[in-house]
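> Please read through the structure below; I'll follow up with questions.
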Protein chains: 2
Amino acid sequence: MIDRRSLRWNGWGLAHQTFELGHREPEVWAWVASQLGMSSLPSRPARPLPEVELPSSRLAEADLAALAAIVGAEHVKTDRYERAFHARGKSYLDILALRAGDLGTAPDAVVYPGTAAQVQALLELCDREGVAVVPFGGGSSVVGGVNGLRRPDQRAVVTVDTTRMCRVLSLDPVSQTARVEAGVYGPELERTLQREGFTLGHYPQSFEFSTLGGWIAARGAGQQSYRYGKAEKWLVSAEVATPRGPWRSEGFPASAAGPNLTQIVAGSEGLLGIITAATVKLHRVPEVTDYRGYLFRGLEQGVDAVRAVLQEEIPVAMLRLSDGSETHFLSGFSAAQHPPGRIERIATRALAMRGYGEGRCLLLVGLEGDRESVLEAGVRARCVLERHGAQHVGRGPGRKWYSRRFMMPYMRDPMLDRGVAVETLETSARWSDLLDLYRGVGRAIRGALRDHAAGPWARPLVMCHVSHGYVDGASLYFTMVFPQKQGAEVEQWLAIKKAATDAIVAGGGTISHHHGVGSDHAPWLAREKGPVGAALLAGLKASLDPNGTLNPGKVLVP
Amino acid sequence: MIDRRSLRWNGWGLAHQTFELGHREPEVWAWVASQLGMSSLPSRPARPLPEVELPSSRLAEADLAALAAIVGAEHVKTDRYERAFHARGKSYLDILALRAGDLGTAPDAVVYPGTAAQVQALLELCDREGVAVVPFGGGSSVVGGVNGLRRPDQRAVVTVDTTRMCRVLSLDPVSQTARVEAGVYGPELERTLQREGFTLGHYPQSFEFSTLGGWIAARGAGQQSYRYGKAEKWLVSAEVATPRGPWRSEGFPASAAGPNLTQIVAGSEGLLGIITAATVKLHRVPEVTDYRGYLFRGLEQGVDAVRAVLQEEIPVAMLRLSDGSETHFLSGFSAAQHPPGRIERIATRALAMRGYGEGRCLLLVGLEGDRESVLEAGVRARCVLERHGAQHVGRGPGRKWYSRRFMMPYMRDPMLDRGVAVETLETSARWSDLLDLYRGVGRAIRGALRDHAAGPWARPLVMCHVSHGYVDGASLYFTMVFPQKQGAEVEQWLAIKKAATDAIVAGGGTISHHHGVGSDHAPWLAREKGPVGAALLAGLKASLDPNGTLNPGKVLVP
């Protein structure tokens with residue numbers, strides 16, 4: 001587990017870690033300002049924790065003693081730091097609230113159980129006592145999934161932090177599965193598995209600060225999801241503490257014994273229970289990895305190429321195609337940090353003359369596996385890509401992306417310090433809808449950004465990449481960088497989010513490909529699932545949590 | 001759709017079709033008798049339909065008129081043939097009952113809706129009227145999934161036969177998906193898809209006489225499931241008529257918007273609604289297919305080899321490993337039909353001298369795809385298999401299996417005519433449990449067959465193959481051939497089935513890998529799902545079908 005004190009309570013990651021901009025930091029910020037139409041960047045520091053008002057805990061001494069009787073007094077926390085750290089997740093709205101010093105969603109206590117039996121006992125206690133329970137792993141939700149909400153009839157909120165439960169309980173090398181406690185963080189899990197020659201291969205951008213249980217609860221995707229699968233694919237069986245008692249879901253390689261209820265745990269976001277452990281499918285640690293870049297003249301060609309690779313079933317690990325705006329932004333950002341030398345400039349000009357200039361799109365292709373398979377897949381992929389107009393640009397872009405793949409979230413805090421917002425949202429749709437959806441959502445976001453601009457000078461950036469592909473479709477991942485509208489930051493963002501999500505729903509996309517529902521997407525869920533689907537979800541909830549103790553205000557809204 | 005009159009009401013397949021035994025038919029039967037310890041085969045003909053007593057329909061004229069108002073009078077059937085044909089599925093118990101002339105489970109009427117709206121209206125009518133509804137596709141269930149059961153408080157049973165609904169509604173070649181009505185039979189579906197260059201690739205043994213809706217409802221598996229996936233894998237979205245109204249489940253390439261409720265439809269066996277259409281993933285029609293045989297000296301080596309191929313992620317379509325008994329039986333059966341020539345006998349002796357004699361196990365390896373991939377996968381597979389002690393025996397066994405892959409079920413009827421029982425059961429488990437499970441279930445079946453033998457002379461055959469493999473485990477498919485205990489056929493089978501299923505559950509297997517639950521496996525389901533899982537299933541049922549109109553007596557038993 002990670003000591004909470006080493007983490008930012010109101011921002012990303014380790015408190016001592018920042019996104020390294022090098023000696024040209026001033027130039028980089030000047031470049032960012034120029035891109036956004038800002039003449040200079042304001043100073044907008046966050047409120048420090050000691051100055052922030054913390055609501056007093058609604059729990060009585062007797063309640064805390066009852067919690068302590070289950071987990072031990074040292075694992076019941078009511079101090080300022082713990083309550084603040086667990087007040088919210090890591091969405092833009094969360095960080096806005098925390099930086100402004102709003103701790104209205106701080107739980108009344110945080111408990112750290114050490115065993116599944118303790119989780120079960122905590123849940124039963126709170127269920128009896130009318131206290132809401134919020135399950136919490138790494139707390140990296142970007143959709144309001146871990147905020148300390150309660151219904152008015154619930155007298156308090158207890159957050160159950162699972163990160164003390166971080167052991168690999170068993171590893172079956174014959175079946176290539178492992179049974180793991182749910183509170184383990186990515187790096188610790190991979191260290192343990194890789195010592196035995198195996199990997200789960202689940203590397204979301206949040207990898208360092210998210211947990212196995214969270215990945216399952218939110219149906220997360222790792223960056224190499226094409227090879228290793230989203231959480232629902234590698235999940236074999238889940239162990240869940242529920243108000244109806246502990247449950248271990250079925251865990252067969254395949255079965256026809258009624259619906260696969262394990263699939264109900266994936267995406268349940270703490271509504272049905274608290275995941276205490278899971279059995280997961282493993283892969284052998286890949287012998288080699290190969291990440292490299294290709295350029296396309298436009299997004300349409302790139303999308304067709306990605307689709308062809310996937311539909312020809314070439315075993316890639318990752319395909320990540322940035323649109324023109326994102327390609328432009330990333331290369332500009334990089335150039336501001338490390339101005340290109342003469343040879344690089346000549347190469348760029350030569351590419352531009354061949355059509356890979358303004359509007360070009362970068363595709364990163366990742367391959368993982370044994371040497372021979374990677375070689376073969378690489379040759380096949382390159383043939384297909386070049387047939388679709390790709391220009392191979394070597395391993396440089398792949399290496400650069402790979403080395404920074406967990407660092408990008410660190411950029412948000414310094415940007416917010418300077419009045420610059422950055423947030424993402426994502427969806428997925430079938431190939432036949434994908435480009436229209438891309439255009440529709442982009443249009444909606446740009447429209448909302450115009451209507452809620454910080455000023456007439458503001459030039460927002462709306463970027464997108466296709467990063468998770470399937471035979472029948474792919475995800476779209478939008479990143480927005482824009483000058484904050486001071487004093488109306490929340491309204492500005494809610495307008496953008498609403499416009500984007502409405503456009504997603506209208507365009508045949510899902511409200512989330514891998515972030516989950518939380519409270520932010522809840523208003524759109526019923527439309528996506530339909531009235532019968534919503535009735536099914538309500539029925540599942542009523543079966544296991546009739547008192548509504550678990551994670552109120554998330555996913556299902558009345 | 002298939003004209004019901006062309007089908008056997010009390011046996012398998014087309015009435016005019018039989019398993020072709022050729023000019024040596026007497027020798028084949030003599031060989032079967034000798035294998036089973038029978039000095040001769042008795043004559044046990046089935047009762048012809050005209051002699052069988054059919055319970056009178058519980059529906060009044062007004063009821064039939066109400067049904068006719070929805071689907072048209074010509075699509076409401078109460079005649080002897082239709083009610084008998086829909087009385088049961090195709091399990092051994094079903095066929096025993098039908099051959100004995102027991103039509104106690106005949107529905108009171110059979111209706112053939114032509115549209116999803118008609119299905120919805122039928123369901124709402126029956127739900128209002130307290131009439132049980134049994135969804136029926138091809139009727140090939142081997143677990144009692146389509147029998148015309150009702151609760152005592154339901155006044156009648158109506159079977160809804162979906163086979164008029166057999167159109168491919170749309171095909172999206174860009175996303176490689178198709179939206180298809182649920183009542184389409186395998187051959188018609190594949191003809192339509194293949195005209196456009198696509199295939200679903202779902203070829204269960206019942207392919208010719210089972211429907212898309214049935215495959216989904218029972219979570220079926222095709223013989224090439226490793227390449228094309230079980231039903232739950234290729235299912236993108238289902239359209240279901242439910243008592244709560246029509247439902248189209250979410251159908252995104254991937255999503256994190258709560259649990260994937262489409263996965264609840266797979267395996268729902270008509271408990272939640274009637275599947276009227278589905279969107280499914282397609283593959284391109286493979287350019288080449290390559291089916292060939294390998295021999296192993298024993299099952300353990302074969303299992304290790306199969307596991308290695310799967311865990312090295314070699315893209316095979318099928319791996320089908322017969323144990324020693326099955327290999328012996330199949331080659332003996334074949335030799336009885338076509339006595340081996342001199343060269344064949346020499347080859348057999350040479351193989352036996354090298355250890356591939358008594359106890360040898362045949363593995364069939366099927367590859368499908370484009371020419372280059374099949375070639376590559378074939379080379380890789382052969383390397384791995386030979387490393388594990390395999391002897392390549394060429395394409396002959398593959399060709400033979402492929403040409404007869406839908407014919408084996410035709411053998412049961414002539415066997416039953418001669419007092420010989422044949423039935424199958426199946427499971428799946430992790431690799432680390434698989435061989436112990438194989439031994440345990442085999443022991444249980446042989447013990448029950450001993451305790452319930454037709455006589456002290458009886459020598460039953462218990463055979464098994466591994467036919468569906470995964471990275472983490474595989475299926476086991478047992479076939480039993482044994483002399484019937486005359487006058488106690490049902491008790492004999494129930495004892496075998498109970499012993500086998502208890503051993504499956506005790507050994508870590510699922511009660512079914514691809515046959516489903518129906519009524520036959522229902523008593524074991526709660527144990528497999530656990531009390532919380534059972535509560536979830538009950539909650540799902542209560543959400544959509546509070547009156548219990550749909551398929552009573554199946555899957556969930558109180």
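Following the order of the structure tokens, chains are lettered A, B, ..., residues in each are numbered from 1, and ligands are numbered from 1.
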What's around stretch 126-134 of chain B at 9 Å? Count only C-alpha atoms, leave out sequence neighbours fewer than 2 positions away in its own chain, and write the answer as a PyMOL selection string.
chain B and resi 63+107+121-124+136+145-151+153-161+243+270+274+545+547-552
> Given the selection you just returned, output its residues as a file containing N, CA and C atoms, formatted as an mmCIF file, in the first residue's frame.

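Done, and the output landed in out.cif:
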```
data_model
loop_
_atom_site.group_PDB
_atom_site.id
_atom_site.type_symbol
_atom_site.label_atom_id
_atom_site.label_comp_id
_atom_site.auth_asym_id
_atom_site.auth_seq_id
_atom_site.Cartn_x
_atom_site.Cartn_y
_atom_site.Cartn_z
ATOM 1 N N ASP B 63 -59.497 -18.246 -25.885
ATOM 2 C CA ASP B 63 -58.038 -18.090 -25.758
ATOM 3 C C ASP B 63 -57.371 -18.212 -27.127
ATOM 4 N N PRO B 107 -47.468 -28.687 -25.052
ATOM 5 C CA PRO B 107 -48.114 -27.399 -24.782
ATOM 6 C C PRO B 107 -49.567 -27.432 -25.253
ATOM 7 N N ALA B 121 -46.763 -8.916 -27.888
ATOM 8 C CA ALA B 121 -48.204 -8.971 -27.615
ATOM 9 C C ALA B 121 -48.591 -10.337 -27.049
ATOM 10 N N LEU B 122 -48.035 -11.409 -27.594
ATOM 11 C CA LEU B 122 -48.316 -12.756 -27.082
ATOM 12 C C LEU B 122 -47.923 -12.862 -25.622
ATOM 13 N N LEU B 123 -46.736 -12.352 -25.322
ATOM 14 C CA LEU B 123 -46.218 -12.452 -23.969
ATOM 15 C C LEU B 123 -47.107 -11.675 -23.004
ATOM 16 N N GLU B 124 -47.513 -10.491 -23.410
ATOM 17 C CA GLU B 124 -48.358 -9.676 -22.536
ATOM 18 C C GLU B 124 -49.723 -10.335 -22.335
ATOM 19 N N PHE B 136 -39.311 -21.252 -27.855
ATOM 20 C CA PHE B 136 -38.871 -22.449 -28.581
ATOM 21 C C PHE B 136 -38.238 -22.020 -29.895
ATOM 22 N N GLY B 145 -34.860 -27.895 -21.597
ATOM 23 C CA GLY B 145 -35.046 -26.447 -21.623
ATOM 24 C C GLY B 145 -36.326 -25.972 -22.289
ATOM 25 N N VAL B 146 -37.001 -26.844 -23.059
ATOM 26 C CA VAL B 146 -38.161 -26.378 -23.829
ATOM 27 C C VAL B 146 -39.431 -27.170 -23.518
ATOM 28 N N ASN B 147 -39.362 -28.014 -22.500
ATOM 29 C CA ASN B 147 -40.541 -28.827 -22.186
ATOM 30 C C ASN B 147 -41.710 -27.934 -21.759
ATOM 31 N N GLY B 148 -42.895 -28.364 -22.104
ATOM 32 C CA GLY B 148 -44.078 -27.558 -21.843
ATOM 33 C C GLY B 148 -44.525 -27.633 -20.388
ATOM 34 N N LEU B 149 -43.733 -27.047 -19.500
ATOM 35 C CA LEU B 149 -44.058 -27.078 -18.073
ATOM 36 C C LEU B 149 -44.875 -25.851 -17.676
ATOM 37 N N ARG B 150 -45.619 -25.994 -16.602
ATOM 38 C CA ARG B 150 -46.319 -24.837 -16.022
ATOM 39 C C ARG B 150 -46.369 -25.045 -14.522
ATOM 40 N N ARG B 151 -46.595 -23.963 -13.794
ATOM 41 C CA ARG B 151 -46.843 -24.069 -12.356
ATOM 42 C C ARG B 151 -48.297 -24.439 -12.160
ATOM 43 N N ASP B 153 -50.536 -23.052 -10.601
ATOM 44 C CA ASP B 153 -51.457 -21.916 -10.663
ATOM 45 C C ASP B 153 -51.587 -21.328 -12.067
ATOM 46 N N GLN B 154 -50.866 -21.891 -13.013
ATOM 47 C CA GLN B 154 -51.000 -21.393 -14.388
ATOM 48 C C GLN B 154 -51.963 -22.313 -15.132
ATOM 49 N N ARG B 155 -52.895 -21.740 -15.877
ATOM 50 C CA ARG B 155 -53.964 -22.590 -16.375
ATOM 51 C C ARG B 155 -53.634 -23.295 -17.685
ATOM 52 N N ALA B 156 -52.546 -22.906 -18.317
ATOM 53 C CA ALA B 156 -52.191 -23.563 -19.571
ATOM 54 C C ALA B 156 -50.745 -23.201 -19.936
ATOM 55 N N VAL B 157 -50.265 -23.821 -21.005
ATOM 56 C CA VAL B 157 -48.915 -23.542 -21.520
ATOM 57 C C VAL B 157 -49.002 -23.225 -23.006
ATOM 58 N N VAL B 158 -48.422 -22.113 -23.391
ATOM 59 C CA VAL B 158 -48.312 -21.792 -24.810
ATOM 60 C C VAL B 158 -46.835 -21.783 -25.185
ATOM 61 N N THR B 159 -46.493 -22.533 -26.225
ATOM 62 C CA THR B 159 -45.118 -22.506 -26.727
ATOM 63 C C THR B 159 -45.035 -21.511 -27.876
ATOM 64 N N VAL B 160 -44.050 -20.598 -27.751
ATOM 65 C CA VAL B 160 -43.853 -19.593 -28.793
ATOM 66 C C VAL B 160 -42.679 -20.046 -29.659
ATOM 67 N N ASP B 161 -42.998 -20.491 -30.856
ATOM 68 C CA ASP B 161 -41.980 -20.986 -31.786
ATOM 69 C C ASP B 161 -41.521 -19.812 -32.650
ATOM 70 N N PRO B 243 -42.034 -9.203 -20.130
ATOM 71 C CA PRO B 243 -43.295 -8.717 -19.566
ATOM 72 C C PRO B 243 -43.236 -7.241 -19.184
ATOM 73 N N GLY B 270 -34.732 -18.116 -21.655
ATOM 74 C CA GLY B 270 -36.151 -17.779 -21.719
ATOM 75 C C GLY B 270 -36.768 -17.381 -20.398
ATOM 76 N N ILE B 274 -38.234 -13.321 -24.305
ATOM 77 C CA ILE B 274 -38.047 -14.097 -25.530
ATOM 78 C C ILE B 274 -37.159 -13.272 -26.453
ATOM 79 N N ASP B 545 -40.046 -10.417 -14.852
ATOM 80 C CA ASP B 545 -41.156 -11.369 -15.006
ATOM 81 C C ASP B 545 -41.757 -11.672 -13.638
ATOM 82 N N ASN B 547 -44.633 -12.210 -12.535
ATOM 83 C CA ASN B 547 -45.659 -13.257 -12.442
ATOM 84 C C ASN B 547 -45.112 -14.647 -12.755
ATOM 85 N N GLY B 548 -43.849 -14.722 -13.133
ATOM 86 C CA GLY B 548 -43.279 -16.034 -13.441
ATOM 87 C C GLY B 548 -43.915 -16.694 -14.651
ATOM 88 N N THR B 549 -44.261 -15.865 -15.620
ATOM 89 C CA THR B 549 -44.918 -16.393 -16.825
ATOM 90 C C THR B 549 -43.953 -17.192 -17.697
ATOM 91 N N LEU B 550 -42.701 -16.764 -17.713
ATOM 92 C CA LEU B 550 -41.753 -17.294 -18.694
ATOM 93 C C LEU B 550 -41.054 -18.575 -18.227
ATOM 94 N N ASN B 551 -41.192 -19.604 -19.028
ATOM 95 C CA ASN B 551 -40.446 -20.862 -18.886
ATOM 96 C C ASN B 551 -40.369 -21.374 -17.446
ATOM 97 N N PRO B 552 -41.495 -21.568 -16.788
ATOM 98 C CA PRO B 552 -41.460 -22.058 -15.402
ATOM 99 C C PRO B 552 -40.841 -23.455 -15.319
#
```
> So that I can check the surroundings of A:Gly398, please list as a ChimeraX atom specification every protein, DNA and RNA residue that reaches within 12 Å of it, counting only C-alpha atoms and ignoring chain neighbours fewer than 6 positions away.
/A:289-294,318-321,362-367,392,404-405
> Per residue of chain B within 6 Å of chain A, note the shortest atom pair and the distance in Å to one decimal, counting only C-alpha atoms, and order the rows by chain and increasing residue number, as CSV.

```
residue,atom,partner,partner_atom,distance
B:Val174,CA,A:Ser432,CA,5.7
B:Ser175,CA,A:Asp472,CA,4.3
B:Gln176,CA,A:Asp472,CA,5.8
B:Arg219,CA,A:Ala256,CA,5.1
B:Trp247,CA,A:Val532,CA,5.8
B:Phe252,CA,A:Ala429,CA,5.7
B:Pro253,CA,A:Gly473,CA,5.3
B:Ser255,CA,A:His513,CA,4.1
B:Ala256,CA,A:Gly516,CA,4.7
B:Ala257,CA,A:Gly516,CA,5.4
B:Gly258,CA,A:Gly267,CA,4.4
B:Pro259,CA,A:Gly267,CA,4.4
B:Ile264,CA,A:Pro259,CA,5.1
B:Ala266,CA,A:Pro259,CA,5.8
B:Gly267,CA,A:Gly258,CA,4.4
B:Ser268,CA,A:Gly258,CA,5.7
B:Ala429,CA,A:Phe252,CA,5.8
B:Arg430,CA,A:Ser175,CA,5.8
B:Trp431,CA,A:Ser175,CA,5.0
B:Ser432,CA,A:Val174,CA,5.7
B:Asp472,CA,A:Ser175,CA,4.3
B:Gly473,CA,A:Pro253,CA,5.3
B:Ser512,CA,A:Ala256,CA,5.3
B:His513,CA,A:Ser255,CA,4.1
B:His514,CA,A:Ala256,CA,4.8
B:Gly516,CA,A:Ala256,CA,4.7
B:Val517,CA,A:Ala257,CA,5.5
B:Val532,CA,A:Trp247,CA,5.8
B:Leu536,CA,A:Ser543,CA,5.9
B:Gly539,CA,A:Ser543,CA,5.3
B:Leu540,CA,A:Gly539,CA,5.9
B:Ser543,CA,A:Gly539,CA,5.3
```
> Hey, can you spit out that residue selection with N, CA, C and O atoms as a compact mmCIF listing (two decimals), in the first residue's frame?

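Produced file selection-v6.txt, reproduced below:
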```txt
# COMPACT_ATOMS: atom_id res chain seq x y z
N VAL B 174 -18.75 -2.70 -42.45
CA VAL B 174 -17.67 -1.89 -41.90
C VAL B 174 -17.37 -2.33 -40.46
O VAL B 174 -16.21 -2.52 -40.08
N SER B 175 -18.42 -2.52 -39.67
CA SER B 175 -18.22 -2.94 -38.28
C SER B 175 -18.21 -4.46 -38.14
O SER B 175 -18.01 -4.97 -37.04
N GLN B 176 -18.44 -5.17 -39.23
CA GLN B 176 -18.49 -6.62 -39.20
C GLN B 176 -19.50 -7.14 -38.17
O GLN B 176 -19.19 -7.98 -37.33
N ARG B 219 -26.26 -20.09 -24.05
CA ARG B 219 -24.81 -19.85 -24.06
C ARG B 219 -24.07 -20.99 -24.77
O ARG B 219 -23.12 -21.58 -24.24
N TRP B 247 -37.12 -4.79 -25.03
CA TRP B 247 -35.82 -4.32 -24.56
C TRP B 247 -34.77 -4.58 -25.62
O TRP B 247 -34.70 -5.69 -26.15
N PHE B 252 -22.38 -1.86 -27.58
CA PHE B 252 -21.18 -1.12 -27.94
C PHE B 252 -20.00 -2.08 -28.09
O PHE B 252 -19.99 -3.15 -27.49
N PRO B 253 -18.98 -1.68 -28.85
CA PRO B 253 -17.79 -2.53 -28.95
C PRO B 253 -17.22 -2.81 -27.56
O PRO B 253 -16.71 -3.89 -27.29
N SER B 255 -17.68 -0.94 -23.25
CA SER B 255 -18.29 0.14 -22.49
C SER B 255 -17.94 -0.02 -21.02
O SER B 255 -17.57 -1.11 -20.57
N ALA B 256 -18.03 1.08 -20.29
CA ALA B 256 -17.88 1.03 -18.84
C ALA B 256 -19.11 1.63 -18.17
O ALA B 256 -19.04 2.06 -17.03
N ALA B 257 -20.23 1.64 -18.90
CA ALA B 257 -21.45 2.25 -18.37
C ALA B 257 -22.22 1.22 -17.56
O ALA B 257 -23.24 0.70 -18.00
N GLY B 258 -21.72 0.91 -16.38
CA GLY B 258 -22.38 -0.09 -15.54
C GLY B 258 -22.14 -1.48 -16.07
O GLY B 258 -21.45 -1.67 -17.08
N PRO B 259 -22.70 -2.50 -15.39
CA PRO B 259 -22.50 -3.87 -15.88
C PRO B 259 -23.09 -4.05 -17.28
O PRO B 259 -24.04 -3.37 -17.64
N ILE B 264 -26.36 -10.71 -19.47
CA ILE B 264 -27.44 -11.35 -18.71
C ILE B 264 -28.40 -12.10 -19.63
O ILE B 264 -29.01 -13.08 -19.25
N ALA B 266 -27.41 -13.66 -22.34
CA ALA B 266 -26.73 -14.92 -22.67
C ALA B 266 -26.86 -15.86 -21.47
O ALA B 266 -26.41 -15.55 -20.38
N GLY B 267 -27.50 -16.99 -21.69
CA GLY B 267 -27.71 -17.93 -20.60
C GLY B 267 -29.02 -17.74 -19.87
O GLY B 267 -29.27 -18.41 -18.88
N SER B 268 -29.85 -16.84 -20.34
CA SER B 268 -31.09 -16.56 -19.60
C SER B 268 -32.17 -17.60 -19.89
O SER B 268 -33.16 -17.68 -19.16
N ALA B 429 -13.42 -26.83 -16.64
CA ALA B 429 -12.69 -26.52 -15.41
C ALA B 429 -11.33 -25.96 -15.77
O ALA B 429 -10.90 -26.02 -16.93
N ARG B 430 -10.67 -25.42 -14.77
CA ARG B 430 -9.32 -24.92 -15.00
C ARG B 430 -8.37 -26.07 -15.31
O ARG B 430 -8.58 -27.19 -14.89
N TRP B 431 -7.29 -25.72 -16.00
CA TRP B 431 -6.30 -26.75 -16.36
C TRP B 431 -5.82 -27.51 -15.14
O TRP B 431 -5.63 -28.73 -15.20
N SER B 432 -5.61 -26.80 -14.04
CA SER B 432 -5.02 -27.49 -12.88
C SER B 432 -5.99 -28.48 -12.25
O SER B 432 -5.56 -29.33 -11.46
N ASP B 472 -7.15 -20.51 -19.64
CA ASP B 472 -7.16 -20.95 -18.24
C ASP B 472 -7.79 -22.31 -18.02
O ASP B 472 -7.79 -22.79 -16.87
N GLY B 473 -8.31 -22.96 -19.03
CA GLY B 473 -8.91 -24.27 -18.81
C GLY B 473 -9.55 -24.79 -20.07
O GLY B 473 -9.30 -24.28 -21.17
N SER B 512 -22.46 -27.06 -16.55
CA SER B 512 -22.55 -27.15 -18.00
C SER B 512 -21.63 -26.15 -18.67
O SER B 512 -21.59 -24.98 -18.29
N HIS B 513 -20.91 -26.61 -19.69
CA HIS B 513 -20.07 -25.71 -20.48
C HIS B 513 -20.85 -25.08 -21.63
O HIS B 513 -20.64 -23.92 -21.96
N HIS B 514 -21.76 -25.83 -22.26
CA HIS B 514 -22.51 -25.23 -23.37
C HIS B 514 -23.90 -25.82 -23.59
O HIS B 514 -24.58 -25.39 -24.51
N GLY B 516 -26.35 -25.79 -21.17
CA GLY B 516 -27.31 -24.98 -20.42
C GLY B 516 -27.81 -25.69 -19.17
O GLY B 516 -27.29 -26.74 -18.77
N VAL B 517 -28.83 -25.11 -18.56
CA VAL B 517 -29.35 -25.60 -17.28
C VAL B 517 -30.67 -26.35 -17.45
O VAL B 517 -30.81 -27.49 -17.02
N VAL B 532 -25.75 -15.87 -2.71
CA VAL B 532 -25.85 -14.49 -3.20
C VAL B 532 -26.12 -14.49 -4.70
O VAL B 532 -26.96 -13.72 -5.20
N LEU B 536 -29.30 -12.98 -6.75
CA LEU B 536 -29.20 -12.09 -7.91
C LEU B 536 -30.07 -12.60 -9.06
O LEU B 536 -30.79 -11.83 -9.70
N GLY B 539 -33.55 -11.98 -8.30
CA GLY B 539 -33.83 -10.54 -8.44
C GLY B 539 -34.02 -10.15 -9.90
O GLY B 539 -34.91 -9.35 -10.23
N LEU B 540 -33.19 -10.71 -10.78
CA LEU B 540 -33.33 -10.43 -12.21
C LEU B 540 -34.70 -10.90 -12.70
O LEU B 540 -35.41 -10.19 -13.42
N SER B 543 -37.50 -8.75 -11.48
CA SER B 543 -37.55 -7.44 -12.12
C SER B 543 -38.33 -7.47 -13.43
O SER B 543 -39.05 -6.54 -13.76
```
> If you run DSSP over the backbone, which residues in stretch 152-400 of chain A end up helix (DSSP H, G or I)? Put them as a PyMOL selection string.
chain A and resi 186-195+207-209+212-217+225-228+231-234+262-265+299-311+324-337+342-353+371-387+396-400
> Using only C-alpha atoms, which protein or nucleic acid residues come within 10 Å of stretch 350-355 of chain A? Drop anything in the same chain fewer than 4 positions from it, and give the result as a list of chain:residue names.
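The residues satisfying every condition are A:Leu295, A:Phe296, A:Arg297, A:Gly298, A:Glu344, A:Arg345, A:Ile346, A:Gly359, A:Arg360, A:Gln391, A:Val393.
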> Could the residues in this selection be written to a file with C-alpha atoms, as a PDB file, in the first residue's frame?

```
ATOM      1  CA  LEU A 295       1.989   9.020 -39.772  1.00  0.00           C
ATOM      2  CA  PHE A 296      -1.202   9.400 -41.776  1.00  0.00           C
ATOM      3  CA  ARG A 297      -2.197  12.336 -43.941  1.00  0.00           C
ATOM      4  CA  GLY A 298      -5.606  12.501 -42.269  1.00  0.00           C
ATOM      5  CA  GLU A 344      14.850  17.025 -37.468  1.00  0.00           C
ATOM      6  CA  ARG A 345      13.611  20.205 -39.138  1.00  0.00           C
ATOM      7  CA  ILE A 346      14.617  18.939 -42.564  1.00  0.00           C
ATOM      8  CA  GLY A 359      -3.329  17.791 -40.216  1.00  0.00           C
ATOM      9  CA  ARG A 360      -1.110  14.734 -40.090  1.00  0.00           C
ATOM     10  CA  GLN A 391       4.499   6.591 -43.318  1.00  0.00           C
ATOM     11  CA  VAL A 393       8.575   7.038 -38.561  1.00  0.00           C
TER      12      VAL A 393
END
```
